[in-house]
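Asks: Dropping a structure here in structure tokens format, bear with me for questions.
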Amino acid sequence: MIRIITDLKIIKTKYFPLIKSLQTGLLLITGLAGYMSARCPILNIPTLLALSGSLFLAISGSTVLNMWYDRDIDAMMPRTCNRPLSTGKTSPQEALILGLILSFVGITWALALDLLYGAVVFAGLFFDVVIYTIWLKRRTAWSIVWGGISGGMPVLAGRVLGTGQIDWIGIALAMAILFWIPTHILTFSIRYHEDYQAANIPTFPSAYNFQTTRLIIAVSSILTALAMGLAAYGVGMTWGFLRLMAVMAVGLLVLAVRSLTFPSDRITLGLFKYASLYMLSSMLLLFSVGF
């Protein structure tokens, strides 16, 4: 019993932080929402569990690989310097092996479940690890576009597993997340501007100034709401839920405009938090369509 408790503590301190549980959980929810938006039978428990397991492993694997590759810049930033790889709690070799195993098992499981679904899951991992993190993150602020594409793959994958094809609704859902990423990430880059500068990571605030970044956030918020509303209408969401989604979108837009016209750290942080809440709530509403 003592050995089990010790092992659990090791996992909690050395490995669990590597998967960024909140981020992974949100992406997993988008994948489940995409699946349920296809009005799949809720009693199809084996498929739902397989979707959850394969997505969780693939997303976690890509996150661990990202943290393994970015361990040098994480050590330079106060926000990330206490991560296991930066502090030495977890060795780079351990993280690399863990990331590769999680990714391999997740992708293999996804391909065994459905080839097209597996291909979309693999595309998400490839865009995230290879294109975004390894190739572009340290070169250009526009890397977030590719990060947005990878972020949209879980919801598209879920939709693909439910419908057996890539349809316009799945693309609209993926685009909603692609447009949402700037609202989420750019507010973060404004708040932690000095951290990114210390690590020499190009961001929109450093490349184009803060006001232009806030304008991009406002525009991306509008595009997010439009894409999400279009997808929600396409899956047959009732008018009551559509109105609720519209109200949430107005809140997102108001905060984005206020950040543009009356910028402050408090509003930036509020927009960052609300953007996550908006996406989570929208996905839960889509999830309800399958019931």
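Scheme for the structure tokens: letters A, B, ... for chains in order shown; per-chain residue numbers from 1; ligand numbers from 1 in order shown.
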If you run DSSP on the backbone, which residues of range 131-276 of chain A are alpha helix (DSSP H), as a PyMOL selection string?
Replies: chain A and resi 143-163+168-191+193-198+204-208+210-234+239-261+265-276
Asks: Please list as JSON, numbers by chain every residue within 12 Å of Leu32 in chain A, counting only C-alpha atoms and excluding residues in the same chain fewer than 4 positions away.
Replies: {"A": [25, 26, 27, 28, 36, 37, 38, 39, 40, 42, 47, 48, 49, 50, 51, 52, 53, 54, 55, 56, 153, 154, 155, 156, 157, 158, 159, 160, 161, 162, 280, 283, 284, 285, 286, 287, 288, 289, 290]}
Asks: For a quick check of understanding, using only C-alpha atoms, which of A:Thr183, A:Ser276, A:Thr108, A:Thr13 has the smallest distance to Gly148 in chain A?
Replies: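 Smallest distance to Gly148 in chain A is found for A:Thr183.
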Asks: What's the separation between CA of Ser206 in chain A and CA of Arg138 in chain A, in Å to one decimal place?
Replies: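 Computing it gives 13.0 Å between the two atoms.
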Asks: Select, from A:Ser282, A:Thr238, A:Ala199, A:Asp265, the residue with the minimum atom-to-atom distance to Ile73 in chain A, counting only C-alpha atoms.
Replies: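 Selected residue with least distance to Ile73 in chain A: A:Ala199.
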Asks: Name all residues at most 10 Å from Arg139 in chain A (count only C-alpha atoms; drop same-chain ones fewer than 5 positions away) and give them as JSON, numbers by chain.
Replies: {"A": [132, 133, 134, 200, 201, 202, 203]}
Asks: Skipping near chain neighbours, those fewer than 4 positions away, what residues fall within 7 Å of range 95-100 of chain A using only C-alpha atoms, listed as a VMD selection string?
Replies: chain A and resid 61 to 62 64 to 65 68 90 to 91 104
Asks: Those selected residues, please, written with N, CA and C atoms and delivered as a CSV table (one decimal), in the first residue's frame.
Replies:
```
chain,number,residue,atom,x,y,z
A,61,GLY,N,0.0,13.1,-25.3
A,61,GLY,CA,1.3,12.9,-25.9
A,61,GLY,C,1.9,14.1,-26.6
A,62,SER,N,1.0,14.8,-27.3
A,62,SER,CA,1.5,15.9,-28.0
A,62,SER,C,1.9,17.0,-27.1
A,64,VAL,N,3.0,16.6,-23.9
A,64,VAL,CA,4.3,16.2,-23.3
A,64,VAL,C,5.5,16.5,-24.3
A,65,LEU,N,5.3,16.1,-25.5
A,65,LEU,CA,6.4,16.3,-26.5
A,65,LEU,C,6.7,17.8,-26.7
A,68,TRP,N,8.6,18.8,-23.7
A,68,TRP,CA,10.0,18.3,-23.8
A,68,TRP,C,10.8,19.2,-24.7
A,90,THR,N,11.7,15.9,-13.6
A,90,THR,CA,11.5,14.9,-14.7
A,90,THR,C,12.7,15.1,-15.6
A,91,SER,N,13.3,14.1,-16.0
A,91,SER,CA,14.4,14.2,-17.0
A,91,SER,C,13.9,14.3,-18.4
A,104,PHE,N,2.0,7.4,-29.6
A,104,PHE,CA,1.9,6.2,-30.4
A,104,PHE,C,0.6,5.4,-30.1
```
Asks: Considering only C-alpha atoms, can you say which of A:Leu85, A:Ile181, A:Ala231, A:Leu226 comes closest to Phe16 in chain A?
Replies: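 Distance minimum relative to Phe16 in chain A lands on A:Leu85.
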Asks: So what do you get for CA of Tyr208 in chain A versus CA of Asn66 in chain A, distance-wise?
Replies: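 Distance between the two atoms: 25.6 Å.
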